[in-house]
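What follows is target_30.cif (mmCIF, N, CA and C atoms).
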data_start
#
loop_
_atom_site.group_PDB
_atom_site.id
_atom_site.type_symbol
_atom_site.label_atom_id
_atom_site.label_comp_id
_atom_site.auth_asym_id
_atom_site.auth_seq_id
_atom_site.Cartn_x
_atom_site.Cartn_y
_atom_site.Cartn_z
ATOM 1 N N MET A 1 95.141 83.538 70.985
ATOM 2 C CA MET A 1 93.846 84.034 70.536
ATOM 3 C C MET A 1 92.763 83.081 71.019
ATOM 4 N N PHE A 2 91.740 83.636 71.632
ATOM 5 C CA PHE A 2 90.570 82.871 72.060
ATOM 6 C C PHE A 2 89.542 82.964 70.949
ATOM 7 N N ASN A 3 89.194 81.824 70.367
ATOM 8 C CA ASN A 3 88.217 81.768 69.276
ATOM 9 C C ASN A 3 86.878 81.289 69.811
ATOM 10 N N CYS A 4 85.847 82.081 69.584
ATOM 11 C CA CYS A 4 84.531 81.693 70.081
ATOM 12 C C CYS A 4 83.475 81.926 69.015
ATOM 13 N N GLY A 5 82.334 81.319 69.243
ATOM 14 C CA GLY A 5 81.205 81.473 68.353
ATOM 15 C C GLY A 5 79.982 81.877 69.140
ATOM 16 N N PHE A 6 79.073 82.535 68.480
ATOM 17 C CA PHE A 6 77.772 82.853 69.049
ATOM 18 C C PHE A 6 76.740 82.424 68.017
ATOM 19 N N ILE A 7 75.814 81.571 68.433
ATOM 20 C CA ILE A 7 74.753 81.102 67.541
ATOM 21 C C ILE A 7 73.426 81.628 68.062
ATOM 22 N N TYR A 8 72.695 82.317 67.184
ATOM 23 C CA TYR A 8 71.350 82.780 67.547
ATOM 24 C C TYR A 8 70.339 82.117 66.623
ATOM 25 N N ILE A 9 69.100 82.017 67.102
ATOM 26 C CA ILE A 9 68.080 81.272 66.372
ATOM 27 C C ILE A 9 66.783 82.073 66.276
ATOM 28 N N THR A 10 66.281 82.170 65.057
ATOM 29 C CA THR A 10 64.929 82.674 64.789
ATOM 30 C C THR A 10 64.412 81.881 63.600
ATOM 31 N N ASP A 11 63.149 81.964 63.333
ATOM 32 C CA ASP A 11 62.594 81.136 62.253
ATOM 33 C C ASP A 11 62.923 81.653 60.858
ATOM 34 N N SER A 12 63.592 82.793 60.745
ATOM 35 C CA SER A 12 63.860 83.340 59.415
ATOM 36 C C SER A 12 65.343 83.485 59.082
ATOM 37 N N CYS A 13 66.221 82.951 59.903
ATOM 38 C CA CYS A 13 67.662 83.057 59.636
ATOM 39 C C CYS A 13 68.128 82.019 58.630
ATOM 40 N N ASP A 14 69.157 82.379 57.902
ATOM 41 C CA ASP A 14 69.817 81.478 56.965
ATOM 42 C C ASP A 14 71.310 81.548 57.264
ATOM 43 N N PRO A 15 71.899 80.470 57.784
ATOM 44 C CA PRO A 15 73.306 80.525 58.176
ATOM 45 C C PRO A 15 74.272 80.815 57.028
ATOM 46 N N SER A 16 73.822 80.591 55.794
ATOM 47 C CA SER A 16 74.713 80.886 54.668
ATOM 48 C C SER A 16 74.831 82.392 54.412
ATOM 49 N N THR A 17 73.868 83.173 54.883
ATOM 50 C CA THR A 17 73.927 84.626 54.710
ATOM 51 C C THR A 17 73.949 85.391 56.033
ATOM 52 N N ASP A 18 73.393 84.803 57.083
ATOM 53 C CA ASP A 18 73.315 85.475 58.385
ATOM 54 C C ASP A 18 74.492 85.053 59.261
ATOM 55 N N HIS A 19 75.662 85.566 58.920
ATOM 56 C CA HIS A 19 76.861 85.253 59.702
ATOM 57 C C HIS A 19 77.875 86.377 59.525
ATOM 58 N N VAL A 20 78.733 86.523 60.515
ATOM 59 C CA VAL A 20 79.788 87.531 60.457
ATOM 60 C C VAL A 20 80.956 87.061 61.325
ATOM 61 N N TYR A 21 82.150 87.394 60.896
ATOM 62 C CA TYR A 21 83.364 87.129 61.671
ATOM 63 C C TYR A 21 83.838 88.453 62.251
ATOM 64 N N ILE A 22 84.106 88.467 63.544
ATOM 65 C CA ILE A 22 84.532 89.686 64.218
ATOM 66 C C ILE A 22 85.930 89.465 64.799
ATOM 67 N N PRO A 23 86.961 89.910 64.100
ATOM 68 C CA PRO A 23 88.311 89.818 64.650
ATOM 69 C C PRO A 23 88.517 90.967 65.638
ATOM 70 N N SER A 24 89.513 90.839 66.486
ATOM 71 C CA SER A 24 89.818 91.945 67.391
ATOM 72 C C SER A 24 91.289 91.901 67.768
ATOM 73 N N ASP A 25 91.755 92.996 68.313
ATOM 74 C CA ASP A 25 93.135 93.092 68.787
ATOM 75 C C ASP A 25 93.238 92.770 70.270
ATOM 76 N N CYS A 26 92.118 92.392 70.900
ATOM 77 C CA CYS A 26 92.120 92.150 72.344
ATOM 78 C C CYS A 26 92.298 90.676 72.702
ATOM 79 N N GLY A 27 92.582 89.844 71.708
ATOM 80 C CA GLY A 27 92.816 88.430 71.997
ATOM 81 C C GLY A 27 91.589 87.547 71.865
ATOM 82 N N VAL A 28 90.485 88.118 71.366
ATOM 83 C CA VAL A 28 89.255 87.345 71.181
ATOM 84 C C VAL A 28 88.769 87.538 69.746
ATOM 85 N N ALA A 29 88.445 86.443 69.080
ATOM 86 C CA ALA A 29 87.831 86.497 67.756
ATOM 87 C C ALA A 29 86.497 85.762 67.839
ATOM 88 N N MET A 30 85.461 86.320 67.218
ATOM 89 C CA MET A 30 84.127 85.728 67.326
ATOM 90 C C MET A 30 83.486 85.553 65.956
ATOM 91 N N GLN A 31 82.871 84.397 65.787
ATOM 92 C CA GLN A 31 82.055 84.107 64.604
ATOM 93 C C GLN A 31 80.606 84.083 65.078
ATOM 94 N N VAL A 32 79.749 84.911 64.488
ATOM 95 C CA VAL A 32 78.330 84.969 64.840
ATOM 96 C C VAL A 32 77.543 84.347 63.690
ATOM 97 N N ILE A 33 76.658 83.399 64.034
ATOM 98 C CA ILE A 33 75.898 82.676 63.013
ATOM 99 C C ILE A 33 74.423 82.636 63.413
ATOM 100 N N GLY A 34 73.555 82.999 62.485
ATOM 101 C CA GLY A 34 72.117 82.888 62.700
ATOM 102 C C GLY A 34 71.583 81.615 62.055
ATOM 103 N N VAL A 35 70.721 80.911 62.761
ATOM 104 C CA VAL A 35 70.126 79.661 62.264
ATOM 105 C C VAL A 35 68.617 79.696 62.462
ATOM 106 N N SER A 36 67.908 78.786 61.777
ATOM 107 C CA SER A 36 66.448 78.750 61.923
ATOM 108 C C SER A 36 65.939 77.433 62.480
ATOM 109 N N SER A 37 66.848 76.548 62.895
ATOM 110 C CA SER A 37 66.422 75.273 63.481
ATOM 111 C C SER A 37 67.563 74.702 64.329
ATOM 112 N N TYR A 38 67.206 73.765 65.177
ATOM 113 C CA TYR A 38 68.233 73.091 65.966
ATOM 114 C C TYR A 38 69.168 72.295 65.061
ATOM 115 N N ALA A 39 68.655 71.724 63.979
ATOM 116 C CA ALA A 39 69.507 70.970 63.048
ATOM 117 C C ALA A 39 70.562 71.887 62.430
ATOM 118 N N GLU A 40 70.165 73.093 62.033
ATOM 119 C CA GLU A 40 71.139 74.047 61.496
ATOM 120 C C GLU A 40 72.144 74.465 62.568
ATOM 121 N N ALA A 41 71.685 74.578 63.800
ATOM 122 C CA ALA A 41 72.591 74.926 64.900
ATOM 123 C C ALA A 41 73.634 73.832 65.109
ATOM 124 N N GLU A 42 73.211 72.576 64.994
ATOM 125 C CA GLU A 42 74.165 71.473 65.118
ATOM 126 C C GLU A 42 75.237 71.573 64.036
ATOM 127 N N GLU A 43 74.826 71.862 62.813
ATOM 128 C CA GLU A 43 75.783 72.001 61.704
ATOM 129 C C GLU A 43 76.718 73.181 61.947
ATOM 130 N N ALA A 44 76.173 74.295 62.408
ATOM 131 C CA ALA A 44 76.997 75.473 62.693
ATOM 132 C C ALA A 44 78.006 75.168 63.800
ATOM 133 N N ALA A 45 77.572 74.460 64.827
ATOM 134 C CA ALA A 45 78.468 74.110 65.931
ATOM 135 C C ALA A 45 79.591 73.190 65.451
ATOM 136 N N LYS A 46 79.261 72.234 64.586
ATOM 137 C CA LYS A 46 80.292 71.349 64.024
ATOM 138 C C LYS A 46 81.317 72.157 63.247
ATOM 139 N N LYS A 47 80.862 73.111 62.436
ATOM 140 C CA LYS A 47 81.773 73.941 61.652
ATOM 141 C C LYS A 47 82.655 74.790 62.562
ATOM 142 N N LEU A 48 82.054 75.361 63.602
ATOM 143 C CA LEU A 48 82.845 76.148 64.552
ATOM 144 C C LEU A 48 83.895 75.274 65.245
ATOM 145 N N ALA A 49 83.491 74.089 65.657
ATOM 146 C CA ALA A 49 84.430 73.168 66.312
ATOM 147 C C ALA A 49 85.559 72.795 65.360
ATOM 148 N N ASP A 50 85.216 72.472 64.127
ATOM 149 C CA ASP A 50 86.233 72.100 63.144
ATOM 150 C C ASP A 50 87.193 73.256 62.846
ATOM 151 N N ALA A 51 86.706 74.490 63.011
ATOM 152 C CA ALA A 51 87.537 75.666 62.767
ATOM 153 C C ALA A 51 88.360 76.054 64.000
ATOM 154 N N GLY A 52 88.231 75.282 65.077
ATOM 155 C CA GLY A 52 89.054 75.525 66.265
ATOM 156 C C GLY A 52 88.429 76.386 67.335
ATOM 157 N N ALA A 53 87.099 76.470 67.370
ATOM 158 C CA ALA A 53 86.437 77.266 68.414
ATOM 159 C C ALA A 53 86.766 76.715 69.798
ATOM 160 N N ASP A 54 87.059 77.619 70.713
ATOM 161 C CA ASP A 54 87.293 77.247 72.112
ATOM 162 C C ASP A 54 85.987 77.182 72.886
ATOM 163 N N ALA A 55 85.016 77.996 72.464
ATOM 164 C CA ALA A 55 83.730 78.067 73.158
ATOM 165 C C ALA A 55 82.658 78.533 72.183
ATOM 166 N N ILE A 56 81.419 78.143 72.482
ATOM 167 C CA ILE A 56 80.255 78.592 71.722
ATOM 168 C C ILE A 56 79.209 79.065 72.729
ATOM 169 N N GLU A 57 78.716 80.267 72.514
ATOM 170 C CA GLU A 57 77.634 80.813 73.332
ATOM 171 C C GLU A 57 76.347 80.733 72.508
ATOM 172 N N LEU A 58 75.281 80.306 73.138
ATOM 173 C CA LEU A 58 73.977 80.203 72.477
ATOM 174 C C LEU A 58 73.052 81.290 72.998
ATOM 175 N N CYS A 59 72.236 81.826 72.119
ATOM 176 C CA CYS A 59 71.290 82.868 72.518
ATOM 177 C C CYS A 59 70.168 82.252 73.364
ATOM 178 N N PRO A 60 69.366 83.092 74.007
ATOM 179 C CA PRO A 60 68.281 82.584 74.840
ATOM 180 C C PRO A 60 67.211 81.827 74.066
ATOM 181 N N GLY A 61 67.244 81.875 72.741
ATOM 182 C CA GLY A 61 66.268 81.152 71.942
ATOM 183 C C GLY A 61 66.459 79.642 71.955
ATOM 184 N N PHE A 62 67.517 79.157 72.572
ATOM 185 C CA PHE A 62 67.752 77.721 72.667
ATOM 186 C C PHE A 62 67.184 77.191 73.971
ATOM 187 N N GLY A 63 66.309 76.224 73.855
ATOM 188 C CA GLY A 63 65.802 75.550 75.034
ATOM 189 C C GLY A 63 66.765 74.461 75.475
ATOM 190 N N ILE A 64 66.370 73.722 76.459
ATOM 191 C CA ILE A 64 67.214 72.665 77.030
ATOM 192 C C ILE A 64 67.583 71.632 75.968
ATOM 193 N N GLU A 65 66.623 71.228 75.162
ATOM 194 C CA GLU A 65 66.891 70.240 74.114
ATOM 195 C C GLU A 65 67.889 70.790 73.087
ATOM 196 N N GLY A 66 67.723 72.051 72.697
ATOM 197 C CA GLY A 66 68.628 72.660 71.731
ATOM 198 C C GLY A 66 70.052 72.739 72.237
ATOM 199 N N VAL A 67 70.221 73.104 73.499
ATOM 200 C CA VAL A 67 71.557 73.156 74.097
ATOM 201 C C VAL A 67 72.184 71.763 74.081
ATOM 202 N N TYR A 68 71.413 70.763 74.449
ATOM 203 C CA TYR A 68 71.898 69.381 74.446
ATOM 204 C C TYR A 68 72.375 68.974 73.048
ATOM 205 N N ARG A 69 71.585 69.297 72.046
ATOM 206 C CA ARG A 69 71.936 68.901 70.673
ATOM 207 C C ARG A 69 73.210 69.599 70.198
ATOM 208 N N VAL A 70 73.364 70.874 70.526
ATOM 209 C CA VAL A 70 74.577 71.594 70.137
ATOM 210 C C VAL A 70 75.787 71.023 70.880
ATOM 211 N N LYS A 71 75.614 70.744 72.145
ATOM 212 C CA LYS A 71 76.720 70.178 72.928
ATOM 213 C C LYS A 71 77.171 68.843 72.347
ATOM 214 N N LYS A 72 76.234 68.002 71.948
ATOM 215 C CA LYS A 72 76.576 66.716 71.335
ATOM 216 C C LYS A 72 77.254 66.904 69.979
ATOM 217 N N ALA A 73 76.891 67.959 69.261
ATOM 218 C CA ALA A 73 77.438 68.194 67.922
ATOM 219 C C ALA A 73 78.872 68.724 67.963
ATOM 220 N N ALA A 74 79.268 69.312 69.096
ATOM 221 C CA ALA A 74 80.599 69.918 69.209
ATOM 222 C C ALA A 74 81.309 69.434 70.463
ATOM 223 N N PRO A 75 81.610 68.125 70.543
ATOM 224 C CA PRO A 75 82.273 67.612 71.743
ATOM 225 C C PRO A 75 83.628 68.286 71.950
ATOM 226 N N GLY A 76 83.940 68.573 73.192
ATOM 227 C CA GLY A 76 85.207 69.198 73.513
ATOM 228 C C GLY A 76 85.193 70.719 73.487
ATOM 229 N N VAL A 77 84.123 71.302 72.951
ATOM 230 C CA VAL A 77 83.985 72.760 72.922
ATOM 231 C C VAL A 77 83.093 73.161 74.095
ATOM 232 N N GLN A 78 83.516 74.180 74.833
ATOM 233 C CA GLN A 78 82.698 74.669 75.939
ATOM 234 C C GLN A 78 81.453 75.360 75.374
ATOM 235 N N ILE A 79 80.279 75.012 75.914
ATOM 236 C CA ILE A 79 79.015 75.583 75.458
ATOM 237 C C ILE A 79 78.419 76.411 76.588
ATOM 238 N N GLY A 80 78.109 77.663 76.293
ATOM 239 C CA GLY A 80 77.463 78.548 77.252
ATOM 240 C C GLY A 80 76.115 78.983 76.709
ATOM 241 N N VAL A 81 75.258 79.460 77.602
ATOM 242 C CA VAL A 81 73.912 79.852 77.185
ATOM 243 C C VAL A 81 73.493 81.131 77.894
ATOM 244 N N ALA A 82 73.038 82.101 77.112
ATOM 245 C CA ALA A 82 72.321 83.235 77.682
ATOM 246 C C ALA A 82 70.895 82.729 77.885
ATOM 247 N N ARG A 83 70.313 82.846 79.041
ATOM 248 C CA ARG A 83 69.132 82.063 79.392
ATOM 249 C C ARG A 83 67.860 82.865 79.638
ATOM 250 N N PHE A 84 66.806 82.519 78.945
ATOM 251 C CA PHE A 84 65.421 82.859 79.265
ATOM 252 C C PHE A 84 64.659 81.542 79.161
ATOM 253 N N ASP A 85 63.788 81.245 80.092
ATOM 254 C CA ASP A 85 62.992 80.029 79.964
ATOM 255 C C ASP A 85 61.914 80.190 78.902
ATOM 256 N N PHE A 86 61.361 81.378 78.818
ATOM 257 C CA PHE A 86 60.365 81.690 77.803
ATOM 258 C C PHE A 86 60.852 82.937 77.093
ATOM 259 N N HIS A 87 61.108 82.821 75.802
ATOM 260 C CA HIS A 87 61.752 83.899 75.064
ATOM 261 C C HIS A 87 60.742 84.967 74.658
ATOM 262 N N THR A 88 61.074 86.206 74.963
ATOM 263 C CA THR A 88 60.149 87.309 74.715
ATOM 264 C C THR A 88 59.884 87.542 73.227
ATOM 265 N N SER A 89 60.840 87.248 72.357
ATOM 266 C CA SER A 89 60.600 87.466 70.925
ATOM 267 C C SER A 89 59.850 86.306 70.282
ATOM 268 N N MET A 90 59.492 85.305 71.065
ATOM 269 C CA MET A 90 58.779 84.133 70.552
ATOM 270 C C MET A 90 57.438 83.977 71.261
ATOM 271 N N ASP A 91 56.767 85.104 71.467
ATOM 272 C CA ASP A 91 55.462 85.127 72.134
ATOM 273 C C ASP A 91 55.496 84.454 73.498
ATOM 274 N N CYS A 92 56.626 84.605 74.187
ATOM 275 C CA CYS A 92 56.827 84.040 75.530
ATOM 276 C C CYS A 92 56.599 82.533 75.584
ATOM 277 N N LYS A 93 56.986 81.844 74.517
ATOM 278 C CA LYS A 93 56.918 80.383 74.472
ATOM 279 C C LYS A 93 58.305 79.817 74.663
ATOM 280 N N SER A 94 58.361 78.582 75.115
ATOM 281 C CA SER A 94 59.636 77.899 75.221
ATOM 282 C C SER A 94 60.147 77.559 73.824
ATOM 283 N N PRO A 95 61.403 77.844 73.530
ATOM 284 C CA PRO A 95 61.954 77.477 72.239
ATOM 285 C C PRO A 95 61.855 75.970 71.954
ATOM 286 N N ASP A 96 61.868 75.143 72.990
ATOM 287 C CA ASP A 96 61.737 73.709 72.786
ATOM 288 C C ASP A 96 60.383 73.357 72.174
ATOM 289 N N ASP A 97 59.362 74.196 72.419
ATOM 290 C CA ASP A 97 58.048 73.953 71.841
ATOM 291 C C ASP A 97 57.942 74.450 70.398
ATOM 292 N N ILE A 98 58.878 75.296 69.996
ATOM 293 C CA ILE A 98 58.846 75.873 68.647
ATOM 294 C C ILE A 98 59.757 75.129 67.684
ATOM 295 N N PHE A 99 60.985 74.878 68.113
ATOM 296 C CA PHE A 99 61.986 74.287 67.232
ATOM 297 C C PHE A 99 62.090 72.802 67.475
#
Show me, as structure tokens, the structure contained in the file I just sent.
Amino acid sequence: MFNCGFIYITDSCDPSTDHVYIPSDCGVAMQVIGVSSYAEAEEAAKKLADAGADAIELCPGFGIEGVYRVKKAAPGVQIGVARFDFHTSMDCKSPDDIF
């Protein structure tokens, strides 16, 4: 089983309520977690790593600094990023300038 996580970020998410586990019969299980800050993303990444995640994908709302912080928080876990330099749902601003 390949265990992965997806972390998305907006200013109104709460990781204690904005999360879901998606099991499947195709050999992939995914935990999706919403966060409202890079600090919460670091905590979510640590929890995913401790639970045995093989990889974590980050939404485009993470800027370069956010990706770095998540990578440091989950050493040994592969980190991927869906990429926009300026996120359309954030008034076309860089997430690094917001979070």
As a tab-separated table (two decimals) with N, CA and C atoms, in the coordinates of the input, which residues of chain A does DSSP assign to strand (DSSP E)?
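Saved result, states27.tsv, follows:
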chain	number	residue	atom	x	y	z
A	2	PHE	N	91.74	83.64	71.63
A	2	PHE	CA	90.57	82.87	72.06
A	2	PHE	C	89.54	82.96	70.95
A	3	ASN	N	89.19	81.82	70.37
A	3	ASN	CA	88.22	81.77	69.28
A	3	ASN	C	86.88	81.29	69.81
A	4	CYS	N	85.85	82.08	69.58
A	4	CYS	CA	84.53	81.69	70.08
A	4	CYS	C	83.48	81.93	69.02
A	5	GLY	N	82.33	81.32	69.24
A	5	GLY	CA	81.20	81.47	68.35
A	5	GLY	C	79.98	81.88	69.14
A	6	PHE	N	79.07	82.54	68.48
A	6	PHE	CA	77.77	82.85	69.05
A	6	PHE	C	76.74	82.42	68.02
A	7	ILE	N	75.81	81.57	68.43
A	7	ILE	CA	74.75	81.10	67.54
A	7	ILE	C	73.43	81.63	68.06
A	8	TYR	N	72.69	82.32	67.18
A	8	TYR	CA	71.35	82.78	67.55
A	8	TYR	C	70.34	82.12	66.62
A	9	ILE	N	69.10	82.02	67.10
A	9	ILE	CA	68.08	81.27	66.37
A	9	ILE	C	66.78	82.07	66.28
A	19	HIS	N	75.66	85.57	58.92
A	19	HIS	CA	76.86	85.25	59.70
A	19	HIS	C	77.88	86.38	59.52
A	20	VAL	N	78.73	86.52	60.52
A	20	VAL	CA	79.79	87.53	60.46
A	20	VAL	C	80.96	87.06	61.32
A	21	TYR	N	82.15	87.39	60.90
A	21	TYR	CA	83.36	87.13	61.67
A	21	TYR	C	83.84	88.45	62.25
A	22	ILE	N	84.11	88.47	63.54
A	22	ILE	CA	84.53	89.69	64.22
A	22	ILE	C	85.93	89.46	64.80
A	28	VAL	N	90.48	88.12	71.37
A	28	VAL	CA	89.26	87.34	71.18
A	28	VAL	C	88.77	87.54	69.75
A	29	ALA	N	88.44	86.44	69.08
A	29	ALA	CA	87.83	86.50	67.76
A	29	ALA	C	86.50	85.76	67.84
A	30	MET	N	85.46	86.32	67.22
A	30	MET	CA	84.13	85.73	67.33
A	30	MET	C	83.49	85.55	65.96
A	31	GLN	N	82.87	84.40	65.79
A	31	GLN	CA	82.06	84.11	64.60
A	31	GLN	C	80.61	84.08	65.08
A	32	VAL	N	79.75	84.91	64.49
A	32	VAL	CA	78.33	84.97	64.84
A	32	VAL	C	77.54	84.35	63.69
A	33	ILE	N	76.66	83.40	64.03
A	33	ILE	CA	75.90	82.68	63.01
A	33	ILE	C	74.42	82.64	63.41
A	34	GLY	N	73.56	83.00	62.48
A	34	GLY	CA	72.12	82.89	62.70
A	34	GLY	C	71.58	81.61	62.06
A	35	VAL	N	70.72	80.91	62.76
A	35	VAL	CA	70.13	79.66	62.26
A	35	VAL	C	68.62	79.70	62.46
A	55	ALA	N	85.02	78.00	72.46
A	55	ALA	CA	83.73	78.07	73.16
A	55	ALA	C	82.66	78.53	72.18
A	56	ILE	N	81.42	78.14	72.48
A	56	ILE	CA	80.26	78.59	71.72
A	56	ILE	C	79.21	79.06	72.73
A	57	GLU	N	78.72	80.27	72.51
A	57	GLU	CA	77.63	80.81	73.33
A	57	GLU	C	76.35	80.73	72.51
A	58	LEU	N	75.28	80.31	73.14
A	58	LEU	CA	73.98	80.20	72.48
A	58	LEU	C	73.05	81.29	73.00
A	78	GLN	N	83.52	74.18	74.83
A	78	GLN	CA	82.70	74.67	75.94
A	78	GLN	C	81.45	75.36	75.37
A	79	ILE	N	80.28	75.01	75.91
A	79	ILE	CA	79.02	75.58	75.46
A	79	ILE	C	78.42	76.41	76.59
A	80	GLY	N	78.11	77.66	76.29
A	80	GLY	CA	77.46	78.55	77.25
A	80	GLY	C	76.11	78.98	76.71
A	81	VAL	N	75.26	79.46	77.60
A	81	VAL	CA	73.91	79.85	77.18
A	81	VAL	C	73.49	81.13	77.89
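Of the listed residues A:Gly52, A:Gly5, A:Gly27, A:Gly61, the one whose atoms come nearest to Ala82 of chain A is A:Gly61, with distances taken using all atoms listed in the file.
What the PyMOL selection byres ((chain A and resi 16-18) around 6.5) picks from this file is A:Cys13, A:Asp14, A:Pro15, A:His19, A:Val20, A:Val32, A:Ile33, A:Gly34.
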Selection result for the PyMOL selection byres ((chain A and resi 54) around 8) on this file, as a PDB file with N, CA and C atoms, in the frame of the given file:
ATOM      1  N   MET A   1      95.141  83.538  70.985  1.00  0.00           N
ATOM      2  CA  MET A   1      93.846  84.034  70.536  1.00  0.00           C
ATOM      3  C   MET A   1      92.763  83.081  71.019  1.00  0.00           C
ATOM      4  N   PHE A   2      91.740  83.636  71.632  1.00  0.00           N
ATOM      5  CA  PHE A   2      90.570  82.871  72.060  1.00  0.00           C
ATOM      6  C   PHE A   2      89.542  82.964  70.949  1.00  0.00           C
ATOM      7  N   ASN A   3      89.194  81.824  70.367  1.00  0.00           N
ATOM      8  CA  ASN A   3      88.217  81.768  69.276  1.00  0.00           C
ATOM      9  C   ASN A   3      86.878  81.289  69.811  1.00  0.00           C
ATOM     10  N   CYS A   4      85.847  82.081  69.584  1.00  0.00           N
ATOM     11  CA  CYS A   4      84.531  81.693  70.081  1.00  0.00           C
ATOM     12  C   CYS A   4      83.475  81.926  69.015  1.00  0.00           C
ATOM     13  N   GLY A   5      82.334  81.319  69.243  1.00  0.00           N
ATOM     14  CA  GLY A   5      81.205  81.473  68.353  1.00  0.00           C
ATOM     15  C   GLY A   5      79.982  81.877  69.140  1.00  0.00           C
ATOM     16  N   LEU A  48      82.054  75.361  63.602  1.00  0.00           N
ATOM     17  CA  LEU A  48      82.845  76.148  64.552  1.00  0.00           C
ATOM     18  C   LEU A  48      83.895  75.274  65.245  1.00  0.00           C
ATOM     19  N   ALA A  49      83.491  74.089  65.657  1.00  0.00           N
ATOM     20  CA  ALA A  49      84.430  73.168  66.312  1.00  0.00           C
ATOM     21  C   ALA A  49      85.559  72.795  65.360  1.00  0.00           C
ATOM     22  N   ALA A  51      86.706  74.490  63.011  1.00  0.00           N
ATOM     23  CA  ALA A  51      87.537  75.666  62.767  1.00  0.00           C
ATOM     24  C   ALA A  51      88.360  76.054  64.000  1.00  0.00           C
ATOM     25  N   GLY A  52      88.231  75.282  65.077  1.00  0.00           N
ATOM     26  CA  GLY A  52      89.054  75.525  66.265  1.00  0.00           C
ATOM     27  C   GLY A  52      88.429  76.386  67.335  1.00  0.00           C
ATOM     28  N   ALA A  53      87.099  76.470  67.370  1.00  0.00           N
ATOM     29  CA  ALA A  53      86.437  77.266  68.414  1.00  0.00           C
ATOM     30  C   ALA A  53      86.766  76.715  69.798  1.00  0.00           C
ATOM     31  N   ALA A  55      85.016  77.996  72.464  1.00  0.00           N
ATOM     32  CA  ALA A  55      83.730  78.067  73.158  1.00  0.00           C
ATOM     33  C   ALA A  55      82.658  78.533  72.183  1.00  0.00           C
ATOM     34  N   ILE A  56      81.419  78.143  72.482  1.00  0.00           N
ATOM     35  CA  ILE A  56      80.255  78.592  71.722  1.00  0.00           C
ATOM     36  C   ILE A  56      79.209  79.065  72.729  1.00  0.00           C
ATOM     37  N   GLU A  57      78.716  80.267  72.514  1.00  0.00           N
ATOM     38  CA  GLU A  57      77.634  80.813  73.332  1.00  0.00           C
ATOM     39  C   GLU A  57      76.347  80.733  72.508  1.00  0.00           C
ATOM     40  N   GLY A  76      83.940  68.573  73.192  1.00  0.00           N
ATOM     41  CA  GLY A  76      85.207  69.198  73.513  1.00  0.00           C
ATOM     42  C   GLY A  76      85.193  70.719  73.487  1.00  0.00           C
ATOM     43  N   VAL A  77      84.123  71.302  72.951  1.00  0.00           N
ATOM     44  CA  VAL A  77      83.985  72.760  72.922  1.00  0.00           C
ATOM     45  C   VAL A  77      83.093  73.161  74.095  1.00  0.00           C
ATOM     46  N   GLN A  78      83.516  74.180  74.833  1.00  0.00           N
ATOM     47  CA  GLN A  78      82.698  74.669  75.939  1.00  0.00           C
ATOM     48  C   GLN A  78      81.453  75.360  75.374  1.00  0.00           C
ATOM     49  N   ILE A  79      80.279  75.012  75.914  1.00  0.00           N
ATOM     50  CA  ILE A  79      79.015  75.583  75.458  1.00  0.00           C
ATOM     51  C   ILE A  79      78.419  76.411  76.588  1.00  0.00           C
TER      52      ILE A  79
END
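Distance-wise, atom N of Ala44 of chain A and atom CA of Met30 of chain A end up 14.8 Å apart.
Comparing the minimum interatomic distances between Lys47 of chain A and each of A:Ile7, A:Ser24, A:Glu65, A:Arg83, counting only C-alpha atoms, we find that A:Ile7 sits nearest.
Candidate residues A:Tyr38, A:Phe99, A:Tyr21, A:Phe6 were compared for distance to Arg69 of chain A, and the nearest is A:Tyr38, using only C-alpha atoms.
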(message) Just to confirm, what's the straight-line distance from atom N of Cys92 of chain A to atom N of Glu42 of chain A in Å (one decimal)?
(response) 22.5 Å
(request) Name the closest residue to Val70 of chain A among the candidates A:Ile22, A:Ile98, A:Ala29, A:Ala41; distances are taken between atoms, counting only C-alpha atoms. (result) A:Ala41
(message) For the PyMOL selection byres (((chain A and resi 64 and name CA) around 10) and name CA), applied here, can you spell out every residue it catches as a ChimeraX atom specification?
(response) /A:61-63,65-69,81,83,85,94-96
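With distances restricted to all atoms listed in the file, A:Ala45 is the closest residue to Ala74 of chain A from A:Leu58, A:Ala45, A:Asp97, A:Asp91.
The gap separating atom C of Lys71 of chain A from atom N of Asp11 of chain A is 21.2 Å, in Å to one decimal.
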(request) If you run DSSP over the backbone, which residues in chain A end up alpha helix (DSSP H)? Put them as a ChimeraX atom specification. (result) /A:38-50,64-73,95-98
(message) With distances taken over all atoms listed in the file, which residue among A:Ile9, A:Ser36, A:Lys93, A:Lys46 lies nearest Lys72 of chain A?
(response) A:Lys46
